[in-house]
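Undergrad: Enclosed is the structure file final_16.cif (mmCIF, C-alpha atoms).
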```
data_protein
#
loop_
_atom_site.label_atom_id
_atom_site.label_comp_id
_atom_site.auth_asym_id
_atom_site.auth_seq_id
_atom_site.Cartn_x
_atom_site.Cartn_y
_atom_site.Cartn_z
CA MET A 1 0.00 0.00 0.00
CA GLU A 2 1.29 3.47 -0.94
CA ARG A 3 0.67 6.56 1.13
CA VAL A 4 0.47 9.42 -1.32
CA CYS A 5 0.77 13.18 -0.88
CA PHE A 6 0.37 15.73 -3.63
CA ARG A 7 -0.08 19.49 -3.97
CA PHE A 8 -2.29 21.59 -6.19
CA TYR A 9 -3.95 25.00 -6.03
CA VAL A 10 -7.36 26.64 -6.02
CA ARG A 11 -7.93 30.29 -6.94
CA THR A 12 -8.19 32.14 -3.62
CA GLU A 13 -11.35 33.95 -4.77
CA MET A 14 -12.91 30.52 -5.45
CA ILE A 15 -12.17 28.99 -2.05
CA ASP A 16 -15.74 29.24 -0.76
CA GLU A 17 -17.05 27.58 -3.91
CA TYR A 18 -14.35 24.89 -3.67
CA LYS A 19 -15.35 24.09 -0.11
CA LYS A 20 -19.04 24.04 -1.02
CA ARG A 21 -18.50 21.64 -3.90
CA HIS A 22 -16.27 19.39 -1.80
CA ALA A 23 -18.87 19.18 0.93
CA ALA A 24 -21.19 17.72 -1.73
CA VAL A 25 -19.08 15.68 -4.12
CA TRP A 26 -21.28 13.71 -6.52
CA PRO A 27 -21.96 10.22 -5.11
CA GLU A 28 -21.01 8.78 -8.50
CA MET A 29 -17.60 10.50 -8.24
CA LEU A 30 -17.02 9.14 -4.72
CA GLN A 31 -17.96 5.66 -5.93
CA ALA A 32 -15.54 5.95 -8.85
CA LEU A 33 -12.67 6.92 -6.52
CA THR A 34 -13.44 3.95 -4.29
CA ASP A 35 -13.74 1.61 -7.29
CA CYS A 36 -10.35 2.83 -8.57
CA GLY A 37 -8.73 2.05 -5.21
CA TRP A 38 -8.51 5.47 -3.46
CA LYS A 39 -8.78 5.00 0.32
CA ASN A 40 -8.61 7.36 3.31
CA TYR A 41 -8.48 10.28 0.86
CA SER A 42 -8.36 13.77 2.36
CA ILE A 43 -7.85 17.20 0.86
CA PHE A 44 -6.44 19.92 3.11
CA LEU A 45 -6.49 23.66 2.39
CA ASN A 46 -4.38 26.69 3.25
CA GLU A 47 -6.96 29.47 2.95
CA LYS A 48 -4.49 32.33 2.64
CA GLU A 49 -2.72 30.87 -0.40
CA GLY A 50 -5.22 28.46 -1.94
CA THR A 51 -2.68 25.68 -1.54
CA LEU A 52 -4.31 22.23 -1.47
CA ILE A 53 -2.71 19.05 -0.17
CA GLY A 54 -4.12 15.67 -1.10
CA TYR A 55 -3.39 12.59 0.99
CA CYS A 56 -4.58 9.09 0.17
CA GLU A 57 -3.77 5.43 0.59
CA VAL A 58 -3.83 3.23 -2.45
CA ASP A 59 -2.29 -0.01 -3.68
CA ASP A 60 -0.81 1.56 -6.82
CA PHE A 61 -1.29 5.31 -7.22
CA ALA A 62 -0.16 5.53 -10.85
CA ALA A 63 -2.59 2.77 -11.81
CA ALA A 64 -5.42 4.26 -9.72
CA LYS A 65 -4.91 7.68 -11.31
CA ALA A 66 -4.77 6.22 -14.82
CA LYS A 67 -7.95 4.22 -14.19
CA MET A 68 -9.71 7.28 -12.79
CA SER A 69 -8.63 9.51 -15.67
CA LYS A 70 -10.44 7.28 -18.17
CA LEU A 71 -13.83 7.51 -16.47
CA ASP A 72 -16.55 9.72 -17.88
CA VAL A 73 -17.63 10.89 -14.43
CA ASN A 74 -14.10 12.11 -13.73
CA THR A 75 -13.97 14.02 -17.02
CA ARG A 76 -17.25 15.69 -16.10
CA TRP A 77 -16.04 16.45 -12.54
CA GLN A 78 -12.75 17.95 -13.74
CA LYS A 79 -14.59 20.12 -16.27
CA TYR A 80 -17.00 21.29 -13.55
CA MET A 81 -14.07 22.15 -11.25
CA GLN A 82 -11.83 23.74 -13.89
CA PRO A 83 -12.96 27.38 -13.36
CA LEU A 84 -11.85 27.14 -9.73
CA PHE A 85 -8.24 26.35 -10.63
CA PRO A 86 -5.52 28.78 -11.69
CA GLN A 87 -3.87 26.55 -14.27
CA ASP A 88 -5.08 25.56 -17.71
CA LYS A 89 -4.45 21.90 -17.05
CA ARG A 90 -7.02 19.75 -15.26
CA ALA A 91 -6.41 19.63 -11.52
CA ASP A 92 -5.72 15.90 -11.65
CA GLU A 93 -3.05 16.54 -14.28
CA SER A 94 -1.41 19.21 -12.12
CA PHE A 95 -0.72 17.22 -8.97
CA GLU A 96 2.85 17.68 -7.70
CA ASN A 97 3.84 14.53 -5.86
CA PHE A 98 5.76 14.63 -2.60
CA VAL A 99 7.93 11.74 -1.45
CA GLU A 100 7.42 10.00 1.88
CA VAL A 101 10.56 10.29 4.05
CA PHE A 102 9.14 9.12 7.36
CA HIS A 103 6.33 6.91 8.61
CA LEU A 104 5.17 5.82 12.03
CA ALA A 105 2.25 3.40 12.10
CA MET B 1 -10.30 11.25 15.51
CA GLU B 2 -8.66 14.19 13.72
CA ARG B 3 -6.79 13.92 10.45
CA VAL B 4 -4.07 16.53 10.58
CA CYS B 5 -1.94 18.13 7.87
CA PHE B 6 0.78 20.68 8.46
CA ARG B 7 3.66 22.25 6.55
CA PHE B 8 7.21 23.09 7.52
CA TYR B 9 10.56 23.42 5.76
CA VAL B 10 14.03 21.90 5.71
CA ARG B 11 17.08 23.70 4.30
CA THR B 12 17.55 22.30 0.79
CA GLU B 13 21.28 21.74 1.42
CA MET B 14 20.31 19.61 4.43
CA ILE B 15 17.83 17.33 2.67
CA ASP B 16 20.15 14.32 2.53
CA GLU B 17 20.86 14.66 6.24
CA TYR B 18 17.14 15.09 6.96
CA LYS B 19 16.33 11.89 5.10
CA LYS B 20 19.14 10.01 6.83
CA ARG B 21 17.98 11.07 10.28
CA HIS B 22 14.36 10.25 9.48
CA ALA B 23 15.28 6.78 8.31
CA ALA B 24 16.68 6.25 11.82
CA VAL B 25 14.54 8.19 14.25
CA TRP B 26 15.46 7.34 17.85
CA PRO B 27 13.24 4.49 19.12
CA GLU B 28 12.59 6.56 22.25
CA MET B 29 11.26 9.39 20.07
CA LEU B 30 8.97 7.03 18.13
CA GLN B 31 7.67 5.61 21.40
CA ALA B 32 6.99 9.11 22.72
CA LEU B 33 4.96 9.99 19.60
CA THR B 34 2.94 6.81 19.99
CA ASP B 35 2.44 7.42 23.73
CA CYS B 36 1.23 10.96 22.98
CA GLY B 37 -1.35 9.63 20.51
CA TRP B 38 0.24 10.20 17.08
CA LYS B 39 -0.91 7.51 14.64
CA ASN B 40 -0.34 6.83 10.94
CA TYR B 41 2.16 9.72 10.93
CA SER B 42 3.95 10.41 7.65
CA ILE B 43 6.26 13.18 6.51
CA PHE B 44 6.42 13.96 2.79
CA LEU B 45 9.12 16.00 1.06
CA ASN B 46 9.39 18.19 -2.01
CA GLU B 47 13.10 17.91 -2.77
CA LYS B 48 13.33 20.99 -4.99
CA GLU B 49 11.99 23.35 -2.33
CA GLY B 50 12.58 21.61 0.98
CA THR B 51 8.85 21.80 1.68
CA LEU B 52 7.72 19.16 4.18
CA ILE B 53 4.15 18.01 4.73
CA GLY B 54 3.18 16.16 7.88
CA TYR B 55 0.06 14.00 8.01
CA CYS B 56 -1.17 12.17 11.08
CA GLU B 57 -4.25 10.83 12.77
CA VAL B 58 -4.79 11.67 16.40
CA ASP B 59 -7.66 11.99 18.87
CA ASP B 60 -6.79 15.58 19.82
CA PHE B 61 -3.88 17.16 17.96
CA ALA B 62 -3.52 20.23 20.20
CA ALA B 63 -3.36 18.00 23.28
CA ALA B 64 -0.98 15.52 21.61
CA LYS B 65 1.36 18.35 20.54
CA ALA B 66 1.28 19.94 23.99
CA LYS B 67 2.02 16.60 25.64
CA MET B 68 4.88 15.93 23.23
CA SER B 69 6.40 19.39 23.69
CA LYS B 70 6.90 18.74 27.40
CA LEU B 71 8.94 15.57 26.95
CA ASP B 72 12.69 15.63 27.40
CA VAL B 73 13.26 13.33 24.42
CA ASN B 74 11.39 15.76 22.18
CA THR B 75 13.46 18.71 23.41
CA ARG B 76 16.62 16.74 22.60
CA TRP B 77 15.27 15.69 19.18
CA GLN B 78 14.27 19.25 18.24
CA LYS B 79 17.69 20.54 19.29
CA TYR B 80 19.39 17.81 17.24
CA MET B 81 17.25 18.71 14.18
CA GLN B 82 17.46 22.50 14.55
CA PRO B 83 20.51 23.02 12.25
CA LEU B 84 18.54 21.44 9.39
CA PHE B 85 15.75 24.02 9.54
CA PRO B 86 15.75 27.53 8.07
CA GLN B 87 13.83 29.19 10.90
CA ASP B 88 14.99 30.07 14.38
CA LYS B 89 11.96 28.45 15.95
CA ARG B 90 11.86 24.73 16.69
CA ALA B 91 10.30 22.78 13.82
CA ASP B 92 7.42 21.64 16.02
CA GLU B 93 6.67 25.30 16.82
CA SER B 94 6.68 26.25 13.11
CA PHE B 95 4.00 23.89 11.80
CA GLU B 96 1.45 25.66 9.59
CA ASN B 97 -1.83 23.79 9.88
CA PHE B 98 -4.01 23.10 6.88
CA VAL B 99 -7.77 22.53 7.19
CA GLU B 100 -9.47 19.39 5.92
CA VAL B 101 -12.07 20.26 3.26
CA PHE B 102 -12.79 16.77 1.92
CA HIS B 103 -12.60 13.19 3.14
CA LEU B 104 -13.46 9.86 1.60
CA ALA B 105 -13.03 6.82 3.85
#
```
Would you write out, as structure tokens, the structure that this file holds?

TA:
Amino acid sequence: MERVCFRFYVRTEMIDEYKKRHAAVWPEMLQALTDCGWKNYSIFLNEKEGTLIGYCEVDDFAAAKAKMSKLDVNTRWQKYMQPLFPQDKRADESFENFVEVFHLA
Amino acid sequence: MERVCFRFYVRTEMIDEYKKRHAAVWPEMLQALTDCGWKNYSIFLNEKEGTLIGYCEVDDFAAAKAKMSKLDVNTRWQKYMQPLFPQDKRADESFENFVEVFHLA
């Protein structure tokens, strides 16, 4: 099992909307994440900067991301979220991965 | 149970040393973290910047941090780690907390 940490960004003026949408993620999107192997998935926010940190546990992150990226529901979700992000790329194509250097169970 | 995410920094020229020390954290320090309630604790690194992200699960993070900060082993560990950090403050006094905005079990 991999523990995964990645960073991305939301426009600071869109933070309220980001929070609202993430308090009500489409059930079909949640099911797709679960089906693709994402577990214990959290997103954390720094409100001043719009910095987002994703953390999740997954057997094979590259495979889970690839599987997810092919799903229609994910394409629709990313399109829906796009105006909230500063970059032109989809959020899930902009993740900057961090490397685990310590773990205590 | 709280899921906690915080950010801090290591000097980029000290990254190798940081990794080395975190591959061999003192057993007494690990035990202290466990005794103070830190669970599933990971530290993730961005090597280009020296940005560190901590993630852990704990019943009450403020209480666990306060408990930890009083322990002699923690004082010794923070002193030992201090030269690796850019700030004058102890690393554990420099954590910037992020707020959880999404969770999928």

Undergrad: For chain B against chain A, which residues fall within 12 Å using all atoms listed in the file, given as a PyMOL selection string?

TA: chain B and resi 2-7+15-27+29-34+37-58+96-105

Undergrad: For A:Arg11, work out the shell of residues within 8 Å, counting only C-alpha atoms and skipping chain neighbours fewer than 6 positions away, then give it as a VMD selection string.

TA: chain A and resid 50 84 to 86

Undergrad: Kindly export the residues of the current selection with C-alpha atoms, as a tab-separated table (two decimals), in the frame of the given file.

TA:
```tsv
chain	number	residue	atom	x	y	z
A	50	GLY	CA	-5.22	28.46	-1.94
A	84	LEU	CA	-11.85	27.14	-9.73
A	85	PHE	CA	-8.24	26.35	-10.63
A	86	PRO	CA	-5.52	28.78	-11.69
```

Undergrad: Could you fit chain A onto chain B by least squares over every C-alpha atom, paired in order, and give me the moved chain as a PDB file with C-alpha atoms, in the frame of the given file?

TA:
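File part_2.pdb, as written:
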```pdb
ATOM      1  CA  MET A   1     -10.281  11.256  15.504  1.00  0.00           C
ATOM      2  CA  GLU A   2      -8.649  14.212  13.719  1.00  0.00           C
ATOM      3  CA  ARG A   3      -6.766  13.906  10.467  1.00  0.00           C
ATOM      4  CA  VAL A   4      -4.067  16.538  10.586  1.00  0.00           C
ATOM      5  CA  CYS A   5      -1.935  18.129   7.875  1.00  0.00           C
ATOM      6  CA  PHE A   6       0.784  20.676   8.462  1.00  0.00           C
ATOM      7  CA  ARG A   7       3.659  22.251   6.537  1.00  0.00           C
ATOM      8  CA  PHE A   8       7.206  23.088   7.510  1.00  0.00           C
ATOM      9  CA  TYR A   9      10.562  23.409   5.765  1.00  0.00           C
ATOM     10  CA  VAL A  10      14.027  21.891   5.700  1.00  0.00           C
ATOM     11  CA  ARG A  11      17.076  23.694   4.306  1.00  0.00           C
ATOM     12  CA  THR A  12      17.546  22.311   0.787  1.00  0.00           C
ATOM     13  CA  GLU A  13      21.271  21.742   1.408  1.00  0.00           C
ATOM     14  CA  MET A  14      20.307  19.617   4.444  1.00  0.00           C
ATOM     15  CA  ILE A  15      17.837  17.347   2.658  1.00  0.00           C
ATOM     16  CA  ASP A  16      20.146  14.326   2.541  1.00  0.00           C
ATOM     17  CA  GLU A  17      20.855  14.659   6.253  1.00  0.00           C
ATOM     18  CA  TYR A  18      17.130  15.094   6.972  1.00  0.00           C
ATOM     19  CA  LYS A  19      16.315  11.907   5.103  1.00  0.00           C
ATOM     20  CA  LYS A  20      19.126  10.021   6.832  1.00  0.00           C
ATOM     21  CA  ARG A  21      17.976  11.075  10.283  1.00  0.00           C
ATOM     22  CA  HIS A  22      14.351  10.258   9.487  1.00  0.00           C
ATOM     23  CA  ALA A  23      15.277   6.790   8.315  1.00  0.00           C
ATOM     24  CA  ALA A  24      16.689   6.249  11.823  1.00  0.00           C
ATOM     25  CA  VAL A  25      14.537   8.193  14.255  1.00  0.00           C
ATOM     26  CA  TRP A  26      15.459   7.346  17.849  1.00  0.00           C
ATOM     27  CA  PRO A  27      13.255   4.494  19.130  1.00  0.00           C
ATOM     28  CA  GLU A  28      12.589   6.553  22.258  1.00  0.00           C
ATOM     29  CA  MET A  29      11.251   9.392  20.066  1.00  0.00           C
ATOM     30  CA  LEU A  30       8.971   7.019  18.131  1.00  0.00           C
ATOM     31  CA  GLN A  31       7.687   5.603  21.417  1.00  0.00           C
ATOM     32  CA  ALA A  32       6.993   9.105  22.730  1.00  0.00           C
ATOM     33  CA  LEU A  33       4.965   9.992  19.614  1.00  0.00           C
ATOM     34  CA  THR A  34       2.937   6.809  19.995  1.00  0.00           C
ATOM     35  CA  ASP A  35       2.449   7.412  23.732  1.00  0.00           C
ATOM     36  CA  CYS A  36       1.227  10.958  22.992  1.00  0.00           C
ATOM     37  CA  GLY A  37      -1.358   9.621  20.531  1.00  0.00           C
ATOM     38  CA  TRP A  38       0.242  10.208  17.081  1.00  0.00           C
ATOM     39  CA  LYS A  39      -0.931   7.512  14.645  1.00  0.00           C
ATOM     40  CA  ASN A  40      -0.336   6.838  10.939  1.00  0.00           C
ATOM     41  CA  TYR A  41       2.170   9.713  10.930  1.00  0.00           C
ATOM     42  CA  SER A  42       3.955  10.418   7.650  1.00  0.00           C
ATOM     43  CA  ILE A  43       6.264  13.187   6.520  1.00  0.00           C
ATOM     44  CA  PHE A  44       6.431  13.939   2.797  1.00  0.00           C
ATOM     45  CA  LEU A  45       9.118  16.001   1.055  1.00  0.00           C
ATOM     46  CA  ASN A  46       9.384  18.199  -2.022  1.00  0.00           C
ATOM     47  CA  GLU A  47      13.101  17.920  -2.785  1.00  0.00           C
ATOM     48  CA  LYS A  48      13.329  20.994  -4.992  1.00  0.00           C
ATOM     49  CA  GLU A  49      11.977  23.369  -2.338  1.00  0.00           C
ATOM     50  CA  GLY A  50      12.581  21.605   0.971  1.00  0.00           C
ATOM     51  CA  THR A  51       8.864  21.797   1.671  1.00  0.00           C
ATOM     52  CA  LEU A  52       7.727  19.159   4.184  1.00  0.00           C
ATOM     53  CA  ILE A  53       4.157  18.007   4.723  1.00  0.00           C
ATOM     54  CA  GLY A  54       3.190  16.156   7.872  1.00  0.00           C
ATOM     55  CA  TYR A  55       0.076  13.995   8.007  1.00  0.00           C
ATOM     56  CA  CYS A  56      -1.155  12.168  11.087  1.00  0.00           C
ATOM     57  CA  GLU A  57      -4.240  10.824  12.791  1.00  0.00           C
ATOM     58  CA  VAL A  58      -4.793  11.670  16.405  1.00  0.00           C
ATOM     59  CA  ASP A  59      -7.655  12.000  18.871  1.00  0.00           C
ATOM     60  CA  ASP A  60      -6.789  15.585  19.825  1.00  0.00           C
ATOM     61  CA  PHE A  61      -3.882  17.174  17.959  1.00  0.00           C
ATOM     62  CA  ALA A  62      -3.519  20.232  20.198  1.00  0.00           C
ATOM     63  CA  ALA A  63      -3.355  18.004  23.273  1.00  0.00           C
ATOM     64  CA  ALA A  64      -0.975  15.529  21.599  1.00  0.00           C
ATOM     65  CA  LYS A  65       1.353  18.348  20.542  1.00  0.00           C
ATOM     66  CA  ALA A  66       1.276  19.941  23.996  1.00  0.00           C
ATOM     67  CA  LYS A  67       2.021  16.585  25.636  1.00  0.00           C
ATOM     68  CA  MET A  68       4.871  15.927  23.215  1.00  0.00           C
ATOM     69  CA  SER A  69       6.378  19.383  23.683  1.00  0.00           C
ATOM     70  CA  LYS A  70       6.884  18.738  27.402  1.00  0.00           C
ATOM     71  CA  LEU A  71       8.939  15.576  26.943  1.00  0.00           C
ATOM     72  CA  ASP A  72      12.690  15.631  27.390  1.00  0.00           C
ATOM     73  CA  VAL A  73      13.253  13.331  24.419  1.00  0.00           C
ATOM     74  CA  ASN A  74      11.381  15.758  22.174  1.00  0.00           C
ATOM     75  CA  THR A  75      13.459  18.700  23.405  1.00  0.00           C
ATOM     76  CA  ARG A  76      16.599  16.724  22.612  1.00  0.00           C
ATOM     77  CA  TRP A  77      15.256  15.677  19.175  1.00  0.00           C
ATOM     78  CA  GLN A  78      14.265  19.233  18.232  1.00  0.00           C
ATOM     79  CA  LYS A  79      17.684  20.532  19.288  1.00  0.00           C
ATOM     80  CA  TYR A  80      19.384  17.805  17.227  1.00  0.00           C
ATOM     81  CA  MET A  81      17.250  18.701  14.184  1.00  0.00           C
ATOM     82  CA  GLN A  82      17.457  22.489  14.544  1.00  0.00           C
ATOM     83  CA  PRO A  83      20.488  23.033  12.237  1.00  0.00           C
ATOM     84  CA  LEU A  84      18.540  21.435   9.388  1.00  0.00           C
ATOM     85  CA  PHE A  85      15.740  24.005   9.536  1.00  0.00           C
ATOM     86  CA  PRO A  86      15.719  27.512   8.078  1.00  0.00           C
ATOM     87  CA  GLN A  87      13.819  29.186  10.895  1.00  0.00           C
ATOM     88  CA  ASP A  88      14.978  30.058  14.385  1.00  0.00           C
ATOM     89  CA  LYS A  89      11.952  28.449  15.961  1.00  0.00           C
ATOM     90  CA  ARG A  90      11.847  24.717  16.665  1.00  0.00           C
ATOM     91  CA  ALA A  91      10.298  22.777  13.800  1.00  0.00           C
ATOM     92  CA  ASP A  92       7.405  21.660  15.987  1.00  0.00           C
ATOM     93  CA  GLU A  93       6.684  25.303  16.802  1.00  0.00           C
ATOM     94  CA  SER A  94       6.681  26.239  13.113  1.00  0.00           C
ATOM     95  CA  PHE A  95       4.014  23.885  11.807  1.00  0.00           C
ATOM     96  CA  GLU A  96       1.456  25.654   9.594  1.00  0.00           C
ATOM     97  CA  ASN A  97      -1.817  23.785   9.884  1.00  0.00           C
ATOM     98  CA  PHE A  98      -4.007  23.095   6.876  1.00  0.00           C
ATOM     99  CA  VAL A  99      -7.745  22.538   7.191  1.00  0.00           C
ATOM    100  CA  GLU A 100      -9.456  19.397   5.932  1.00  0.00           C
ATOM    101  CA  VAL A 101     -12.075  20.258   3.276  1.00  0.00           C
ATOM    102  CA  PHE A 102     -12.768  16.785   1.935  1.00  0.00           C
ATOM    103  CA  HIS A 103     -12.593  13.200   3.142  1.00  0.00           C
ATOM    104  CA  LEU A 104     -13.447   9.865   1.599  1.00  0.00           C
ATOM    105  CA  ALA A 105     -13.004   6.836   3.839  1.00  0.00           C
TER     106      ALA A 105
END
```

Undergrad: So that I can see what lies close to B:Ser94, please list as JSON, numbers by chain the residues with an atom at most 9 Å from it, counting all atoms listed in the file and leaving out residues fewer than 5 positions away in the same chain.

TA: {"B": [7, 8, 9, 87, 89]}

Undergrad: Between atom CA of B:Asn74 and atom CA of B:Phe95, what is the distance in Å, rounded to a tenth?

TA: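 Computing the Euclidean distance for atom CA of B:Asn74 and atom CA of B:Phe95 yields 15.1 Å.
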
Undergrad: What is the atom CA of A:Val10 to atom CA of A:Ser69 distance in Å?

TA: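 Separation between atom CA of A:Val10 and atom CA of A:Ser69: 19.7 Å.
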